[in-house]
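Below: upload-v2.json (JSON, C-alpha atoms)
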[["chain", "number", "residue", "atom", "x", "y", "z"],
["A", 1, "MET", "CA", 0.00, 0.00, 0.00],
["A", 2, "GLY", "CA", 1.37, 3.39, -0.99],
["A", 3, "MET", "CA", 1.79, 6.51, 1.07],
["A", 4, "LEU", "CA", -0.51, 9.49, 1.40],
["A", 5, "ILE", "CA", 1.56, 12.37, 0.04],
["A", 6, "VAL", "CA", 0.61, 16.05, 0.18],
["A", 7, "VAL", "CA", 2.26, 18.53, -2.18],
["A", 8, "ALA", "CA", 1.73, 22.05, -0.86],
["A", 9, "GLY", "CA", 2.17, 24.65, -3.58],
["A", 10, "LEU", "CA", 1.16, 23.72, -7.11],
["A", 11, "GLY", "CA", 3.18, 26.03, -9.31],
["A", 12, "LEU", "CA", 5.63, 24.80, -11.92],
["A", 13, "GLU", "CA", 7.73, 22.70, -9.53],
["A", 14, "GLY", "CA", 4.98, 21.61, -7.16],
["A", 15, "GLY", "CA", 2.55, 20.86, -9.96],
["A", 16, "SER", "CA", 5.21, 18.86, -11.77],
["A", 17, "MET", "CA", 6.12, 17.01, -8.58],
["A", 18, "ALA", "CA", 2.48, 16.10, -7.97],
["A", 19, "LYS", "CA", 2.06, 14.94, -11.57],
["A", 20, "ALA", "CA", 5.27, 12.88, -11.46],
["A", 21, "LEU", "CA", 4.34, 11.19, -8.18],
["A", 22, "LYS", "CA", 0.83, 10.52, -9.45],
["A", 23, "LYS", "CA", 2.02, 9.12, -12.79],
["A", 24, "TYR", "CA", 5.09, 7.15, -11.78],
["A", 25, "THR", "CA", 4.42, 5.92, -8.22],
["A", 26, "ASP", "CA", 1.62, 4.02, -6.52],
["A", 27, "ASN", "CA", 1.07, 6.67, -3.84],
["A", 28, "THR", "CA", -2.05, 8.73, -3.20],
["A", 29, "VAL", "CA", -1.27, 12.37, -3.94],
["A", 30, "TYR", "CA", -3.18, 15.30, -2.50],
["A", 31, "GLY", "CA", -2.44, 18.93, -3.26],
["A", 32, "TRP", "CA", -2.84, 22.30, -1.59],
["A", 33, "ASN", "CA", -2.40, 25.75, -3.03],
["A", 34, "ARG", "CA", -2.82, 29.21, -1.54],
["A", 35, "THR", "CA", -4.97, 30.14, -4.52],
["A", 36, "ALA", "CA", -7.69, 27.51, -4.23],
["A", 37, "SER", "CA", -8.64, 27.67, -7.91],
["A", 38, "VAL", "CA", -5.22, 26.25, -8.84],
["A", 39, "ALA", "CA", -5.80, 23.24, -6.61],
["A", 40, "GLN", "CA", -9.22, 22.76, -8.24],
["A", 41, "TRP", "CA", -7.54, 22.95, -11.64],
["A", 42, "ALA", "CA", -4.98, 20.31, -10.60],
["A", 43, "LEU", "CA", -7.79, 18.06, -9.35],
["A", 44, "ALA", "CA", -9.73, 18.45, -12.60],
["A", 45, "ASP", "CA", -6.50, 17.69, -14.50],
["A", 46, "GLY", "CA", -6.01, 14.45, -12.61],
["A", 47, "ALA", "CA", -2.70, 15.75, -11.27],
["A", 48, "ILE", "CA", -3.86, 15.06, -7.71],
["A", 49, "ASP", "CA", -6.31, 12.67, -6.07],
["A", 50, "GLY", "CA", -7.81, 15.30, -3.79],
["A", 51, "ILE", "CA", -7.36, 18.71, -2.20],
["A", 52, "ALA", "CA", -5.62, 18.71, 1.16],
["A", 53, "ASP", "CA", -7.02, 20.41, 4.24],
["A", 54, "ASP", "CA", -5.82, 20.21, 7.83],
["A", 55, "SER", "CA", -7.52, 16.85, 8.34],
["A", 56, "VAL", "CA", -5.58, 15.39, 5.40],
["A", 57, "LEU", "CA", -2.34, 16.92, 6.71],
["A", 58, "ALA", "CA", -3.00, 15.19, 10.02],
["A", 59, "GLN", "CA", -3.12, 11.83, 8.23],
["A", 60, "CYS", "CA", -0.44, 12.23, 5.56],
["A", 61, "ASP", "CA", 2.75, 10.19, 5.52],
["A", 62, "LEU", "CA", 4.82, 12.66, 3.52],
["A", 63, "LEU", "CA", 4.43, 16.42, 3.09],
["A", 64, "ILE", "CA", 6.34, 18.18, 0.30],
["A", 65, "PRO", "CA", 6.00, 21.98, 0.59],
["A", 66, "VAL", "CA", 6.92, 23.78, -2.63],
["A", 67, "LEU", "CA", 6.47, 27.41, -1.59],
["A", 68, "TYR", "CA", 8.53, 30.59, -1.48],
["A", 69, "PRO", "CA", 11.43, 30.18, 0.98],
["A", 70, "GLU", "CA", 10.08, 32.28, 3.85],
["A", 71, "ALA", "CA", 6.54, 31.05, 3.20],
["A", 72, "THR", "CA", 7.80, 27.46, 3.47],
["A", 73, "ILE", "CA", 9.17, 28.13, 6.95],
["A", 74, "ASP", "CA", 5.96, 29.89, 8.03],
["A", 75, "TYR", "CA", 3.81, 27.10, 6.57],
["A", 76, "LEU", "CA", 5.77, 24.37, 8.34],
["A", 77, "ARG", "CA", 5.56, 26.23, 11.62],
["A", 78, "ARG", "CA", 1.79, 26.09, 11.26],
["A", 79, "VAL", "CA", 1.30, 22.54, 10.00],
["A", 80, "ILE", "CA", 3.99, 20.41, 11.66],
["A", 81, "PRO", "CA", 2.12, 20.55, 15.00],
["A", 82, "LEU", "CA", -0.92, 19.12, 13.16],
["A", 83, "MET", "CA", 0.93, 16.14, 11.68],
["A", 84, "LYS", "CA", 1.01, 12.64, 13.15],
["A", 85, "ARG", "CA", 4.17, 11.50, 14.90],
["A", 86, "GLY", "CA", 6.47, 9.70, 12.48],
["A", 87, "ALA", "CA", 5.19, 11.58, 9.44],
["A", 88, "GLN", "CA", 7.81, 13.03, 7.14],
["A", 89, "VAL", "CA", 8.50, 16.43, 5.56],
["A", 90, "VAL", "CA", 10.79, 17.15, 2.60],
["A", 91, "ASP", "CA", 11.00, 20.81, 1.62],
["A", 92, "LEU", "CA", 12.17, 21.87, -1.85],
["A", 93, "VAL", "CA", 13.57, 25.32, -1.03],
["A", 94, "GLY", "CA", 16.71, 26.29, -2.96],
["A", 95, "VAL", "CA", 18.67, 27.14, 0.21],
["A", 96, "LYS", "CA", 19.05, 24.67, 3.01],
["A", 97, "ALA", "CA", 20.83, 25.97, 6.12],
["A", 98, "ALA", "CA", 18.24, 28.64, 6.90],
["A", 99, "VAL", "CA", 15.34, 26.21, 6.44],
["A", 100, "VAL", "CA", 17.01, 23.40, 8.38],
["A", 101, "ASP", "CA", 17.91, 25.70, 11.28],
["A", 102, "ALA", "CA", 14.31, 26.96, 11.48],
["A", 103, "VAL", "CA", 12.45, 23.67, 11.03],
["A", 104, "VAL", "CA", 14.51, 20.98, 12.80],
["A", 105, "PRO", "CA", 13.69, 22.09, 16.37],
["A", 106, "LEU", "CA", 9.98, 22.10, 15.55],
["A", 107, "ALA", "CA", 10.16, 18.70, 13.83],
["A", 108, "LEU", "CA", 11.99, 17.15, 16.78],
["A", 109, "GLU", "CA", 9.51, 18.65, 19.23],
["A", 110, "HIS", "CA", 6.56, 17.05, 17.42],
["A", 111, "GLY", "CA", 8.16, 13.76, 16.40],
["A", 112, "VAL", "CA", 8.07, 14.57, 12.68],
["A", 113, "ARG", "CA", 10.90, 13.44, 10.40],
["A", 114, "PHE", "CA", 12.41, 16.21, 8.29],
["A", 115, "THR", "CA", 14.87, 16.11, 5.39],
["A", 116, "GLY", "CA", 15.87, 18.98, 3.14],
["A", 117, "GLY", "CA", 15.47, 18.59, -0.60],
["A", 118, "HIS", "CA", 16.35, 20.61, -3.70],
["A", 119, "PRO", "CA", 15.40, 19.44, -7.22],
["A", 120, "MET", "CA", 17.87, 20.74, -9.80],
["A", 121, "ALA", "CA", 15.38, 21.38, -12.58],
["A", 122, "GLY", "CA", 13.02, 24.10, -13.69],
["A", 123, "LEU", "CA", 11.99, 26.41, -16.48],
["A", 124, "ALA", "CA", 12.61, 30.11, -17.00],
["A", 125, "LYS", "CA", 8.91, 30.84, -16.42],
["A", 126, "ALA", "CA", 6.77, 29.35, -13.69],
["A", 127, "GLY", "CA", 3.10, 28.57, -13.05],
["A", 128, "TYR", "CA", 0.92, 25.47, -12.81],
["A", 129, "GLU", "CA", -0.01, 25.81, -16.48],
["A", 130, "ARG", "CA", 3.60, 24.97, -17.40],
["A", 131, "SER", "CA", 3.92, 21.98, -15.07],
["A", 132, "PHE", "CA", 4.33, 18.51, -16.54],
["A", 133, "PRO", "CA", 5.22, 15.09, -15.08],
["A", 134, "ASP", "CA", 8.60, 14.79, -16.81],
["A", 135, "LEU", "CA", 10.09, 18.09, -15.59],
["A", 136, "TYR", "CA", 12.43, 16.12, -13.33],
["A", 137, "LYS", "CA", 13.29, 13.37, -15.79],
["A", 138, "GLY", "CA", 17.07, 12.95, -15.76],
["A", 139, "ALA", "CA", 17.61, 15.69, -13.18],
["A", 140, "SER", "CA", 19.49, 15.64, -9.88],
["A", 141, "MET", "CA", 17.77, 15.74, -6.51],
["A", 142, "ILE", "CA", 19.82, 16.99, -3.58],
["A", 143, "LEU", "CA", 18.86, 15.48, -0.22],
["A", 144, "VAL", "CA", 20.08, 17.07, 3.01],
["A", 145, "PRO", "CA", 19.80, 14.88, 6.11],
["A", 146, "THR", "CA", 19.08, 16.65, 9.40],
["A", 147, "ALA", "CA", 18.89, 15.77, 13.07],
["A", 148, "ALA", "CA", 15.24, 14.93, 12.40],
["A", 149, "THR", "CA", 16.02, 12.48, 9.56],
["A", 150, "ALA", "CA", 15.50, 8.80, 10.39],
["A", 151, "ALA", "CA", 18.26, 6.31, 9.56],
["A", 152, "TRP", "CA", 16.31, 4.79, 6.68],
["A", 153, "ASP", "CA", 14.87, 7.99, 5.21],
["A", 154, "ILE", "CA", 17.57, 8.83, 2.67],
["A", 155, "GLU", "CA", 17.40, 5.38, 1.08],
["A", 156, "ALA", "CA", 13.60, 5.47, 0.96],
["A", 157, "LEU", "CA", 13.46, 9.03, -0.38],
["A", 158, "SER", "CA", 16.11, 8.23, -2.99],
["A", 159, "ALA", "CA", 13.94, 5.37, -4.24],
["A", 160, "LEU", "CA", 10.82, 7.56, -4.30],
["A", 161, "PHE", "CA", 12.43, 10.42, -6.22],
["A", 162, "THR", "CA", 14.14, 8.01, -8.61],
["A", 163, "GLN", "CA", 10.69, 6.61, -9.38],
["A", 164, "ALA", "CA", 9.52, 10.17, -10.04],
["A", 165, "GLY", "CA", 12.20, 10.56, -12.73],
["A", 166, "PHE", "CA", 15.32, 11.89, -11.04],
["A", 167, "HIS", "CA", 18.52, 10.41, -12.43],
["A", 168, "ARG", "CA", 20.93, 11.29, -9.63],
["A", 169, "ILE", "CA", 20.50, 11.68, -5.88],
["A", 170, "LYS", "CA", 23.16, 13.84, -4.24],
["A", 171, "VAL", "CA", 23.40, 13.76, -0.44],
["A", 172, "CYS", "CA", 25.22, 16.53, 1.44],
["A", 173, "ASP", "CA", 25.08, 18.72, 4.53],
["A", 174, "PRO", "CA", 23.25, 22.11, 4.51],
["A", 175, "ARG", "CA", 26.35, 24.31, 4.41],
["A", 176, "THR", "CA", 27.92, 22.38, 1.54],
["A", 177, "HIS", "CA", 24.65, 22.66, -0.37],
["A", 178, "ASP", "CA", 24.45, 26.41, 0.12],
["A", 179, "ARG", "CA", 28.11, 27.00, -0.79],
["A", 180, "MET", "CA", 27.78, 25.00, -4.00],
["A", 181, "ILE", "CA", 24.39, 26.44, -5.00],
["A", 182, "ALA", "CA", 25.71, 29.96, -4.51],
["A", 183, "HIS", "CA", 28.15, 29.16, -7.32],
["A", 184, "THR", "CA", 26.23, 26.82, -9.63],
["A", 185, "SER", "CA", 22.83, 28.52, -9.51],
["A", 186, "GLN", "CA", 22.56, 31.82, -7.66],
["A", 187, "LEU", "CA", 25.61, 33.49, -9.17],
["A", 188, "ALA", "CA", 24.46, 32.44, -12.64],
["A", 189, "HIS", "CA", 21.15, 34.24, -12.05],
["A", 190, "VAL", "CA", 22.97, 37.36, -10.85],
["A", 191, "VAL", "CA", 25.17, 37.38, -13.96],
["A", 192, "SER", "CA", 22.31, 36.78, -16.40],
["A", 193, "ASN", "CA", 20.16, 39.45, -14.77],
["A", 194, "ALA", "CA", 23.00, 41.97, -14.99],
["A", 195, "TYR", "CA", 24.04, 41.01, -18.51],
["A", 196, "VAL", "CA", 20.70, 41.84, -20.15],
["A", 197, "LYS", "CA", 20.76, 45.40, -18.76],
["A", 198, "SER", "CA", 23.14, 46.54, -21.49],
["A", 199, "PRO", "CA", 21.48, 49.20, -23.68],
["A", 200, "VAL", "CA", 22.37, 47.23, -26.82],
["A", 201, "SER", "CA", 20.85, 43.96, -25.61],
["A", 202, "ALA", "CA", 17.40, 44.58, -27.10],
["A", 203, "ARG", "CA", 18.91, 44.80, -30.61],
["A", 204, "TYR", "CA", 20.26, 41.24, -30.46],
["A", 205, "VAL", "CA", 18.40, 39.79, -33.49],
["A", 206, "GLY", "CA", 20.85, 38.75, -36.20],
["A", 207, "PHE", "CA", 23.87, 39.20, -33.95],
["A", 208, "THR", "CA", 23.62, 36.10, -31.78],
["A", 209, "GLY", "CA", 24.82, 32.56, -31.60],
["A", 210, "GLY", "CA", 24.16, 30.19, -28.75],
["A", 211, "SER", "CA", 26.12, 32.19, -26.20],
["A", 212, "TYR", "CA", 23.61, 35.06, -26.00],
["A", 213, "LYS", "CA", 20.71, 32.67, -25.50],
["A", 214, "ASP", "CA", 22.63, 30.74, -22.85],
["A", 215, "MET", "CA", 23.56, 33.92, -20.98],
["A", 216, "THR", "CA", 20.10, 35.48, -20.98],
["A", 217, "ARG", "CA", 17.75, 32.52, -20.44],
["A", 218, "ILE", "CA", 17.52, 32.81, -16.67],
["A", 219, "ALA", "CA", 17.37, 36.61, -16.51],
["A", 220, "CYS", "CA", 13.59, 36.24, -16.55],
["A", 221, "LEU", "CA", 13.48, 35.29, -12.88],
["A", 222, "ASN", "CA", 10.89, 35.80, -10.14],
["A", 223, "GLU", "CA", 12.48, 38.70, -8.28],
["A", 224, "LYS", "CA", 10.54, 38.07, -5.08],
["A", 225, "VAL", "CA", 11.67, 34.43, -4.83],
["A", 226, "TRP", "CA", 15.27, 35.13, -5.78],
["A", 227, "THR", "CA", 15.58, 38.09, -3.40],
["A", 228, "GLU", "CA", 14.53, 35.77, -0.58],
["A", 229, "LEU", "CA", 16.96, 33.07, -1.75],
["A", 230, "PHE", "CA", 19.84, 35.51, -2.05],
["A", 231, "PHE", "CA", 19.30, 36.96, 1.42],
["A", 232, "LEU", "CA", 18.90, 33.52, 3.02],
["A", 233, "ASN", "CA", 22.25, 32.56, 1.45],
["A", 234, "ARG", "CA", 23.91, 35.95, 1.67],
["A", 235, "ASP", "CA", 27.43, 35.09, 2.84],
["A", 236, "PRO", "CA", 28.18, 32.27, 0.36],
["A", 237, "LEU", "CA", 26.72, 34.33, -2.49],
["A", 238, "LEU", "CA", 28.74, 37.42, -1.53],
["A", 239, "THR", "CA", 31.88, 35.28, -1.60],
["A", 240, "GLU", "CA", 31.05, 34.11, -5.13],
["A", 241, "MET", "CA", 30.16, 37.61, -6.32],
["A", 242, "ASP", "CA", 33.42, 39.04, -4.95],
["A", 243, "GLN", "CA", 35.41, 36.32, -6.72],
["A", 244, "LEU", "CA", 33.60, 36.97, -10.01],
["A", 245, "ILE", "CA", 34.13, 40.72, -9.75],
["A", 246, "SER", "CA", 37.83, 40.12, -9.14],
["A", 247, "ASN", "CA", 38.09, 37.80, -12.14],
["A", 248, "ILE", "CA", 36.28, 40.25, -14.44],
["A", 249, "SER", "CA", 38.42, 43.11, -13.15],
["A", 250, "GLN", "CA", 41.60, 41.25, -14.13],
["A", 251, "ALA", "CA", 40.44, 41.02, -17.74],
["A", 252, "ARG", "CA", 39.07, 44.57, -17.73],
["A", 253, "ASP", "CA", 42.27, 46.07, -16.27],
["A", 254, "ALA", "CA", 44.51, 44.22, -18.72],
["A", 255, "LEU", "CA", 42.39, 45.47, -21.62],
["A", 256, "ALA", "CA", 42.33, 49.05, -20.31],
["A", 257, "ALA", "CA", 46.10, 49.02, -19.84],
["A", 258, "GLY", "CA", 46.69, 47.69, -23.36],
["A", 259, "ASP", "CA", 48.51, 44.69, -21.90],
["A", 260, "ARG", "CA", 47.95, 41.95, -24.48],
["A", 261, "ALA", "CA", 50.18, 39.43, -22.72],
["A", 262, "LEU", "CA", 48.31, 39.82, -19.43],
["A", 263, "LEU", "CA", 44.92, 39.51, -21.10],
["A", 264, "GLU", "CA", 46.04, 36.38, -22.92],
["A", 265, "GLU", "CA", 47.27, 34.94, -19.61],
["A", 266, "VAL", "CA", 43.95, 35.70, -17.89],
["A", 267, "LEU", "CA", 42.04, 33.99, -20.70],
["A", 268, "ARG", "CA", 44.42, 31.02, -20.67],
["A", 269, "GLN", "CA", 43.80, 30.55, -16.95],
["A", 270, "GLY", "CA", 40.05, 30.41, -17.56],
["A", 271, "ARG", "CA", 40.39, 27.91, -20.40],
["A", 272, "GLU", "CA", 42.62, 25.67, -18.32],
["A", 273, "ALA", "CA", 40.25, 25.91, -15.35],
["A", 274, "LYS", "CA", 37.39, 24.71, -17.56],
["A", 275, "GLU", "CA", 39.50, 21.88, -18.99],
["A", 276, "HIS", "CA", 40.47, 20.83, -15.46],
["A", 277, "ILE", "CA", 36.82, 20.83, -14.34],
["A", 278, "ASP", "CA", 35.86, 18.65, -17.30],
["A", 279, "ALA", "CA", 38.77, 16.27, -16.67],
["A", 280, "LEU", "CA", 37.58, 15.78, -13.09],
["A", 281, "ASN", "CA", 34.04, 15.02, -14.30],
["A", 282, "PRO", "CA", 34.45, 13.09, -17.58],
["A", 283, "ASP", "CA", 30.99, 11.49, -17.40],
["A", 284, "GLN", "CA", 29.24, 14.78, -16.63],
["A", 285, "PRO", "CA", 30.48, 17.52, -18.99],
["A", 286, "SER", "CA", 29.37, 20.97, -17.87],
["A", 287, "GLU", "CA", 28.26, 22.05, -21.35]]

Please rewrite the model in this file as structure tokens.
Amino acid sequence: MGMLIVVAGLGLEGGSMAKALKKYTDNTVYGWNRTASVAQWALADGAIDGIADDSVLAQCDLLIPVLYPEATIDYLRRVIPLMKRGAQVVDLVGVKAAVVDAVVPLALEHGVRFTGGHPMAGLAKAGYERSFPDLYKGASMILVPTAATAAWDIEALSALFTQAGFHRIKVCDPRTHDRMIAHTSQLAHVVSNAYVKSPVSARYVGFTGGSYKDMTRIACLNEKVWTELFFLNRDPLLTEMDQLISNISQARDALAAGDRALLEEVLRQGREAKEHIDALNPDQPSE
């Protein structure tokens, strides 16, 4: 017999998670959304088996909140006391230390198991209307064990998310997650968002190859969500931004000084860094 799973928040990621769990696992999937009409839409779509209220939350085996970062913490503060002892929560917020620090004491107090999660997939634009069950097909899921994680949870969650389409499960601690995500995700959004602000950017047609598309795709972000994410991960992101500014300044200063040899050396260092990264990860090229 499968679990009773509640997905709270039915936007792009939550809607896709509900659809994947419904399609690819034998669990019963309920959904909740702050805008009730979206939950009704998901029910009519067959994406969920029912709409969750507090009575369903009290019975569920697994709760997956897919809300804004601060809203996730507030939501869990409200609902964890309603949940049965031994029930499990896996949040999908894109920063982990802040969520873990806020939620673990509450989970331990109420006998609820809690593991951090972060699916490494998405689209440039969000909304339930764009959700689909294969959003996570081939993607990585990061799982972050906490003091409220049971000994068997990571293995069981890995199996569940693999069923839902994830190709790789990465397990790490909250601080490692946040340090890496500051580099691999958050900094990329900062760069893309800054890059498109050039006054010539709007006249791109006919002047672009793949690099312009790659650089600008994620500039169309949700500024409310990403502001929360950046502030919740401020120190690791500041470290990455300072490093990037230093690296750009080296190239800029060499160019301004007319120093061709120095500019060539700066560019060589970047090429060799990329080659070294690829050599360390031959089965997972970063292109």

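Between CA of Leu92 (chain A) and CA of Arg175 (chain A) there is a distance of 15.7 Å.
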
Would you compute the box with edges along x, y and z of the file around region 83-95 of chain A, including every atom the file lists for it and 8 Å extra on each side, and give its centre and edge lengths in Å to one decimal, as AutoDock Vina command-line options?
--center_x 9.8 --center_y 18.4 --center_z 6.0 --size_x 33.7 --size_y 33.4 --size_z 33.9

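Compared by their closest atoms to Phe231 (chain A), and using all atoms listed in the file, the residues A:Ile142, A:Pro133, A:Phe114, A:Glu70 rank with A:Glu70 nearest.
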
Find the residue from A:Leu62, A:Ala279, A:Ile181, A:Ala8 that sits nearest to Leu160 (chain A); use all atoms listed in the file when measuring.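 Checking each of A:Leu62, A:Ala279, A:Ile181, A:Ala8 against Leu160 (chain A), counting all atoms listed in the file, the winner is A:Leu62.
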
Distance criterion (all atoms listed in the file): nearest to Tyr136 (chain A) out of A:Leu82, A:Leu4, A:Ala257, A:Ala18: A:Ala18

Could you name the residues that touch His177 (chain A) at 10 Å or less, counting only C-alpha atoms, but leaving out those on the same chain fewer than 3 positions away, as a ChimeraX atom specification? /A:94-97,118,142-144,170-174,180-182

Those same residues, written as a PDB file, in the frame of the given file with C-alpha atoms?
ATOM      1  CA  GLY A  94      16.710  26.290  -2.960  1.00  0.00           C
ATOM      2  CA  VAL A  95      18.670  27.140   0.210  1.00  0.00           C
ATOM      3  CA  LYS A  96      19.050  24.670   3.010  1.00  0.00           C
ATOM      4  CA  ALA A  97      20.830  25.970   6.120  1.00  0.00           C
ATOM      5  CA  HIS A 118      16.350  20.610  -3.700  1.00  0.00           C
ATOM      6  CA  ILE A 142      19.820  16.990  -3.580  1.00  0.00           C
ATOM      7  CA  LEU A 143      18.860  15.480  -0.220  1.00  0.00           C
ATOM      8  CA  VAL A 144      20.080  17.070   3.010  1.00  0.00           C
ATOM      9  CA  LYS A 170      23.160  13.840  -4.240  1.00  0.00           C
ATOM     10  CA  VAL A 171      23.400  13.760  -0.440  1.00  0.00           C
ATOM     11  CA  CYS A 172      25.220  16.530   1.440  1.00  0.00           C
ATOM     12  CA  ASP A 173      25.080  18.720   4.530  1.00  0.00           C
ATOM     13  CA  PRO A 174      23.250  22.110   4.510  1.00  0.00           C
ATOM     14  CA  MET A 180      27.780  25.000  -4.000  1.00  0.00           C
ATOM     15  CA  ILE A 181      24.390  26.440  -5.000  1.00  0.00           C
ATOM     16  CA  ALA A 182      25.710  29.960  -4.510  1.00  0.00           C
TER      17      ALA A 182
END

For Ser37 (chain A), the nearest of the candidates A:Arg113, A:Glu275, A:Gln88, A:Tyr128, counting only C-alpha atoms: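 Answer, going by the shortest atom-to-atom distance: A:Tyr128.
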
Fewer than 6 positions away in the same chain doesn't count, so skip those; otherwise give me all residues within 12 Å of Gln284 (chain A), counting all atoms listed in the file, as a list of chain:residue names.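 The filter keeps A:Ser140, A:Arg168, A:Ile277, A:Asp278.
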
One-decimal distance in Å that lies between CA of Val190 (chain A) and CA of Leu238 (chain A):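 Here the two named atoms are 11.0 Å from each other.
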
Long-range neighbours of Ser16 (chain A) as JSON, numbers by chain, 8 Å cut-off, all atoms listed in the file, 2 positions minimum in chain: {"A": [10, 11, 12, 13, 14, 18, 19, 20, 128, 131, 132, 133, 134, 135, 136]}
